[in-house]
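Notes for the one structure printed next.
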Amino acid sequence: MQKRSWFLNTSAFLGFLFLYIPIISLVIFSFNKSKLVTVWGGWSLKWYGELFNNEQIMSAVWLSLKIAFVSAWLAVVLGVLAAFALTRMGRFKGKMLLSGMVSAPLVMPDVITGLSLLLLFVAMESLFGWPAGRGTLTIIIAHATFCMAYVAVIVQARLSDLDESLEEAAMDLGAKPSTLFFLVTLPLIAPAVISGWLLAFTLSLDDLVIASFVSGPGDSTLPMVIFSKVRLGVTPEVNALATLMILIVAIGVTVAMLQMRRKEKQV
Amino acid sequence: MSASKPASTPDLPIWKQADAKPFVQFEAVTKQFGDFTAVNRISLDIYRGELFCLLGGSGSGKSTLLRMLAGFEGVTSGRILIDGVDMSGVPPWERPVNMMFQSYALFPHLTVENNVAFGLRREGVPDAEVRARVAQMLDMVQLGHLGKRKPSQLSGGQRQRVALARALVKRPKLLLLDEPLGALDKKLREETQFELINIQEELGVTFIVVTHDQEEAMTLATRIGVMNHGEIVQIGEPHEIYEYPNSRFVAQFIGSVNMLEGTIVEDEPAHVRVACPDIGGSMYVAHGINCAPDQEVHIALRPEKIMISAEPPAQSENVCSGIIADIAYMGGLSVFRVRLDSGKELRVTQPNIERDMGARFTWNDRVYLYWGVTTAVILTA
């Protein structure tokens, strides 16, 4: 192996330090015995125990998982459809514009997405009485909306790499378009679909801003509960919770990356 | 030749029999993509048991023709019939046709066996029969031991065989092959060519092959259709296309050729004389052609049909002389570029039938070139 210069080593080290010191300190303090968040009182798992006994937090965890699960599926279905439409409609006027518009929610500030969805839900309720009030359903719809963009972008990249003669070969061998999709196309884009699903799941789990806009009084997702708790002062329980969330997200992202890697190796 | 020669006229190939029924018929088929005409009013009959090659450069429309036959592209106008049945409106999955793709298009997520079995399973063939037919087909292409592998674990030549097995396992009446040997290296390509011909004769399936490689077409085909700009410019057996090209395009596309210009000076039923300033004299051809006096024509001379010698030859017609400008020794052949006194350069190839024949001439030697009275091809198109 070639010897790297000290400059590169140091800058890499400093960069990672800058990124991960806050997270590492949070993880360490989650094992703190002391009740005071900033004072070290020895190692303990007590706050993890307290966390699991805290009903408010646990019900928020459950709600968040439920929302993330449902909205991830919705986002995958809609995102795959959008990706198909954009890659398979051939060239037409305004295709660039539409492609751009699909990915625009990726860079749209959450505040704007949240606000516009809130306005839409309110208008819809007063026009046709659906969705009645705001709560779990509206959060799911909102999350599916912005996660769909991520799924569409990932799947679109995979679809446009796909050799179209594979589908032609399947047709040539007697597969009708419907069978062809499930036997050939879907297995081939599966890595992208899976990583899109995982990404959507994690994004939904993380979201605070959009959920705050579109949720009702009774339905608080986990990030909303944490945020309101922190405003009253950070408790060691929140550290423990945050550590667990980091773990879940890290697993999700790793699996998604491995899926993407597998796809590259396969073709 | 094909196995389907009828007993009544055993000497004639099927496409020369007056009463033969064509198997694939293109009737004035046109295909347009927007303003671009990819295929322009092509009419073509292909007979059962043939190995027909569509030969042309890129953009000549040969692949479009094949894709229309498979059903991936519709026709803009005209009709395509297979075995007398009009194919318009018949989707690809219902046509009695299978295709071998240029990229092979093997399904990367399925094993070799499952790739080959794919078409049979869609037909609802019973499982035991599927397994037997797949095994038989894989044995035929000598891949019986690799059935459990994924395509990514195979070499290029093995993938090509899997693609062939997958296309043949449904026993199609007609197999379409899009550049079947294009992705193989030269040595493998030569072996596979003969294997393809053997399989085709054994199964009696009609093959239509698209290729840009004229050598491939010459080796494989019973007949060749040369395509250019969406039209078929000549159809014929390989030797007809090579020895009797009907246009400048075909003469230059197939093999190498010396192209000269000239003017008809004598136009008799039994011979023609062409004034050819390039060779500093005139060219005598011992058969009549369809032309007018004073017509400007092109003369095609194949390099291997020109003789070269240091002394003046005995014949007086069709002789010219020049200086050797370049020599390329290729082992079996030597290629000479001879600059004539007019400044025109002719390419001459000589087989090295004796040892050290290649060293007989050297640069700047004066040599005489001569050829027979039926060698030159006079082209009016």
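Lettering and numbering for the structure tokens are positional, with chains as A, B, ... in the shown order, residues counted from 1 in each chain, and ligands counted from 1 in the shown order.
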request  = Just the residues within 12 Å of A:Ala85, please, counting only C-alpha atoms, with nothing from its chain fewer than 5 positions along; format it as a count of residues only.
outcome  = 15
key: DSSP alpha helix (DSSP H) residues within stretch 119-192 of chain A, listed as JSON, numbers by chain   = {"A": [119, 120, 121, 122, 123, 124, 125, 126, 127, 128, 136, 137, 138, 139, 140, 141, 142, 143, 144, 145, 146, 147, 148, 149, 150, 151, 152, 153, 154, 155, 156, 157, 158, 159, 160, 161, 164, 165, 166, 167, 168, 169, 170, 171, 172, 177, 178, 179, 180, 186, 187, 188, 189, 190, 191, 192]}
Would you tabulate, counting only C-alpha atoms, all residues of chain A that have an atom at most 8 Å from an atom of chain B, showing the closest pair of atoms and their distance in Å to one decimal, sorted by chain then ascending number, as CSV?
```
residue,atom,partner,partner_atom,distance
A:Asp163,CA,B:Ala105,CA,7.6
A:Ser165,CA,B:Ala105,CA,5.8
A:Leu166,CA,B:Ala105,CA,4.8
A:Glu168,CA,B:Phe72,CA,7.3
A:Ala169,CA,B:Ala105,CA,6.4
A:Ala170,CA,B:Gly119,CA,7.8
A:Met171,CA,B:Trp93,CA,5.0
A:Asp172,CA,B:Trp93,CA,5.2
A:Leu173,CA,B:Gly119,CA,4.5
A:Gly174,CA,B:Trp93,CA,4.0
A:Ala175,CA,B:Trp93,CA,5.9
A:Lys176,CA,B:Trp93,CA,6.4
A:Val184,CA,B:Phe107,CA,7.3
A:Pro187,CA,B:His109,CA,7.2
A:Leu188,CA,B:His109,CA,7.0
A:Gln266,CA,B:Pro108,CA,7.1
A:Val267,CA,B:Pro108,CA,6.8
```
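Atom CA of B:Ser247 sits 5.0 Å away from atom CA of B:Ala381.
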task = Mind checking which residues fall within 12 Å of A:Ser103, counting only C-alpha atoms, ignoring those fewer than 3 positions away in the same chain, and posting them as a PyMOL selection string?
result = chain A and resi 79+82-83+86+96-100+106-108+145-156
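With only C-alpha atoms as the basis for measurement, A:Leu244 is the residue among A:Leu63, A:Leu244, A:Val70, A:Ile112 that approaches A:Tyr48 most closely.
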key: Spatial neighbours of stretch 269-283 of chain B, max dist 12 Å, only C-alpha atoms, sep filter under 6 positions, as a PyMOL selection string   = chain B and resi 258-263+289-301+316-322+338-346+368-379
Using C-alpha atoms, can you export the residues from the last selection as a PDB file, in the first residue's frame?
```
ATOM      1  CA  ASN B 258     -10.578  -1.759 -57.649  1.00  0.00           C
ATOM      2  CA  MET B 259     -13.069   0.702 -59.048  1.00  0.00           C
ATOM      3  CA  LEU B 260     -12.228   2.286 -62.411  1.00  0.00           C
ATOM      4  CA  GLU B 261     -14.148   4.687 -64.617  1.00  0.00           C
ATOM      5  CA  GLY B 262     -14.678   4.373 -68.307  1.00  0.00           C
ATOM      6  CA  THR B 263     -16.811   5.064 -71.364  1.00  0.00           C
ATOM      7  CA  ILE B 289     -24.255  -5.896 -71.247  1.00  0.00           C
ATOM      8  CA  ASN B 290     -27.284  -3.699 -71.113  1.00  0.00           C
ATOM      9  CA  CYS B 291     -25.836  -0.286 -71.931  1.00  0.00           C
ATOM     10  CA  ALA B 292     -25.684   2.437 -74.549  1.00  0.00           C
ATOM     11  CA  PRO B 293     -22.696   3.674 -76.583  1.00  0.00           C
ATOM     12  CA  ASP B 294     -20.824   6.550 -74.950  1.00  0.00           C
ATOM     13  CA  GLN B 295     -22.350   5.691 -71.589  1.00  0.00           C
ATOM     14  CA  GLU B 296     -20.175   6.413 -68.562  1.00  0.00           C
ATOM     15  CA  VAL B 297     -19.676   3.242 -66.546  1.00  0.00           C
ATOM     16  CA  HIS B 298     -17.710   1.925 -63.616  1.00  0.00           C
ATOM     17  CA  ILE B 299     -15.497  -1.112 -63.879  1.00  0.00           C
ATOM     18  CA  ALA B 300     -14.955  -3.350 -60.881  1.00  0.00           C
ATOM     19  CA  LEU B 301     -11.822  -5.487 -60.764  1.00  0.00           C
ATOM     20  CA  SER B 316      -2.767  -8.124 -75.862  1.00  0.00           C
ATOM     21  CA  GLU B 317      -6.101  -7.154 -74.338  1.00  0.00           C
ATOM     22  CA  ASN B 318      -6.585  -6.100 -70.711  1.00  0.00           C
ATOM     23  CA  VAL B 319      -2.955  -5.385 -69.938  1.00  0.00           C
ATOM     24  CA  CYS B 320      -1.431  -2.399 -68.239  1.00  0.00           C
ATOM     25  CA  SER B 321       1.797  -1.684 -66.474  1.00  0.00           C
ATOM     26  CA  GLY B 322       2.960   0.264 -63.483  1.00  0.00           C
ATOM     27  CA  VAL B 338       0.680  -0.844 -58.149  1.00  0.00           C
ATOM     28  CA  ARG B 339       0.778   2.752 -59.384  1.00  0.00           C
ATOM     29  CA  LEU B 340      -0.167   2.788 -63.054  1.00  0.00           C
ATOM     30  CA  ASP B 341       1.282   5.267 -65.508  1.00  0.00           C
ATOM     31  CA  SER B 342      -1.961   7.241 -65.294  1.00  0.00           C
ATOM     32  CA  GLY B 343      -1.377   7.745 -61.569  1.00  0.00           C
ATOM     33  CA  LYS B 344      -4.243   5.406 -60.604  1.00  0.00           C
ATOM     34  CA  GLU B 345      -3.349   2.785 -58.036  1.00  0.00           C
ATOM     35  CA  LEU B 346      -4.569  -0.806 -58.297  1.00  0.00           C
ATOM     36  CA  TYR B 368       2.654  -5.840 -65.860  1.00  0.00           C
ATOM     37  CA  LEU B 369      -0.900  -6.425 -64.714  1.00  0.00           C
ATOM     38  CA  TYR B 370      -3.354  -8.448 -66.772  1.00  0.00           C
ATOM     39  CA  TRP B 371      -6.693 -10.164 -66.412  1.00  0.00           C
ATOM     40  CA  GLY B 372      -9.119 -12.342 -68.302  1.00  0.00           C
ATOM     41  CA  VAL B 373     -11.828 -11.251 -70.704  1.00  0.00           C
ATOM     42  CA  THR B 374     -14.624 -12.124 -68.252  1.00  0.00           C
ATOM     43  CA  THR B 375     -12.966 -10.782 -65.109  1.00  0.00           C
ATOM     44  CA  ALA B 376     -14.061  -7.173 -65.124  1.00  0.00           C
ATOM     45  CA  VAL B 377     -17.575  -6.309 -64.014  1.00  0.00           C
ATOM     46  CA  ILE B 378     -19.119  -3.377 -65.865  1.00  0.00           C
ATOM     47  CA  LEU B 379     -21.460  -1.467 -63.569  1.00  0.00           C
TER      48      LEU B 379
END
```
Strand (DSSP E) residues, from DSSP on the backbone, in stretch 205-353 of chain B, as a ChimeraX atom specification = /B:206-211,223-228,231-236,258-267,272-276,281-285,296-301,307-309,319-329,333-340,345-351
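Distance annotation: of A:Val249, A:Val193, A:Val209, A:Ala240, the residue with the minimal separation from A:Phe52 is A:Ala240; atom set is only C-alpha atoms.
The residue that comes closest to B:Gly230, out of B:Gly56, B:Pro22, B:Gly34, B:Pro126 and on the basis of only C-alpha atoms, is B:Gly56.
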ask   = Near stretch 131-143 of chain B, counting only C-alpha atoms, which residues have an atom at most 8 Å away, once you skip same-chain residues fewer than 4 positions from it, shown as a ChimeraX atom specification?
value = /B:113,116-117,127,147,158,161-162,165,168-169
ask   = Which residues come within 7 Å of stretch 128-139 of chain A, counting only C-alpha atoms, excluding same-chain residues fewer than 3 positions away, as a list in words?
value = Phe121, Met124, Glu125, Ala142, His143, Ala211, Val214, Ser215, Gly216 and Asp219 of chain A
Generate the output file for the selected residues, N, CA and C atoms, as a PDB file, in the first residue's frame.
```pdb
ATOM      1  N   PHE A 121     -54.903  19.753   2.764  1.00  0.00           N
ATOM      2  CA  PHE A 121     -55.780  18.917   3.591  1.00  0.00           C
ATOM      3  C   PHE A 121     -56.952  19.730   4.132  1.00  0.00           C
ATOM      4  N   MET A 124     -59.325  20.346   1.280  1.00  0.00           N
ATOM      5  CA  MET A 124     -60.050  19.137   0.914  1.00  0.00           C
ATOM      6  C   MET A 124     -61.125  18.805   1.936  1.00  0.00           C
ATOM      7  N   GLU A 125     -60.792  19.025   3.187  1.00  0.00           N
ATOM      8  CA  GLU A 125     -61.777  18.695   4.220  1.00  0.00           C
ATOM      9  C   GLU A 125     -63.011  19.569   4.058  1.00  0.00           C
ATOM     10  N   ALA A 142     -48.748  12.571   3.659  1.00  0.00           N
ATOM     11  CA  ALA A 142     -47.679  13.563   3.491  1.00  0.00           C
ATOM     12  C   ALA A 142     -46.329  12.871   3.308  1.00  0.00           C
ATOM     13  N   HIS A 143     -46.063  11.861   4.137  1.00  0.00           N
ATOM     14  CA  HIS A 143     -44.777  11.170   4.027  1.00  0.00           C
ATOM     15  C   HIS A 143     -44.663  10.418   2.716  1.00  0.00           C
ATOM     16  N   ALA A 211     -44.400  16.340   9.602  1.00  0.00           N
ATOM     17  CA  ALA A 211     -45.362  15.714  10.507  1.00  0.00           C
ATOM     18  C   ALA A 211     -45.978  16.766  11.436  1.00  0.00           C
ATOM     19  N   VAL A 214     -48.838  18.551   9.586  1.00  0.00           N
ATOM     20  CA  VAL A 214     -50.058  17.868   9.157  1.00  0.00           C
ATOM     21  C   VAL A 214     -50.654  16.942  10.221  1.00  0.00           C
ATOM     22  N   SER A 215     -50.049  16.880  11.423  1.00  0.00           N
ATOM     23  CA  SER A 215     -50.632  15.962  12.411  1.00  0.00           C
ATOM     24  C   SER A 215     -51.711  16.681  13.219  1.00  0.00           C
ATOM     25  N   GLY A 216     -52.539  15.862  13.823  1.00  0.00           N
ATOM     26  CA  GLY A 216     -53.593  16.431  14.668  1.00  0.00           C
ATOM     27  C   GLY A 216     -53.157  16.433  16.121  1.00  0.00           C
ATOM     28  N   ASP A 219     -52.040  12.760  17.657  1.00  0.00           N
ATOM     29  CA  ASP A 219     -51.076  11.872  17.026  1.00  0.00           C
ATOM     30  C   ASP A 219     -49.694  12.505  16.952  1.00  0.00           C
TER      31      ASP A 219
END
```
List the spatial neighbours of stretch 58-65 of chain B as a CSV table (one decimal) with N, CA and C atoms, in the first residue's frame - criterion: any atom at most 7 Å away, only C-alpha atoms, same-chain residues fewer than 5 positions off excluded.
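This went into selection.csv:
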```
chain,number,residue,atom,x,y,z
B,38,ALA,N,-36.7,4.2,-42.2
B,38,ALA,CA,-35.7,3.2,-41.9
B,38,ALA,C,-35.8,2.0,-42.9
B,39,VAL,N,-37.0,1.7,-43.4
B,39,VAL,CA,-37.2,0.6,-44.3
B,39,VAL,C,-38.1,1.2,-45.4
B,210,VAL,N,-29.1,-11.3,-39.2
B,210,VAL,CA,-28.7,-9.9,-39.5
B,210,VAL,C,-27.3,-9.8,-39.2
B,227,MET,N,-28.4,-4.7,-47.9
B,227,MET,CA,-29.2,-3.6,-47.7
B,227,MET,C,-28.4,-2.3,-47.6
B,228,ASN,N,-29.0,-1.2,-48.1
B,228,ASN,CA,-28.4,0.1,-48.0
B,228,ASN,C,-29.6,1.1,-48.0
B,229,HIS,N,-29.5,2.0,-47.0
B,229,HIS,CA,-30.5,3.1,-46.9
B,229,HIS,C,-31.9,2.6,-46.9
B,230,GLY,N,-32.2,1.5,-46.2
B,230,GLY,CA,-33.5,1.0,-46.1
B,230,GLY,C,-34.1,0.3,-47.3
```
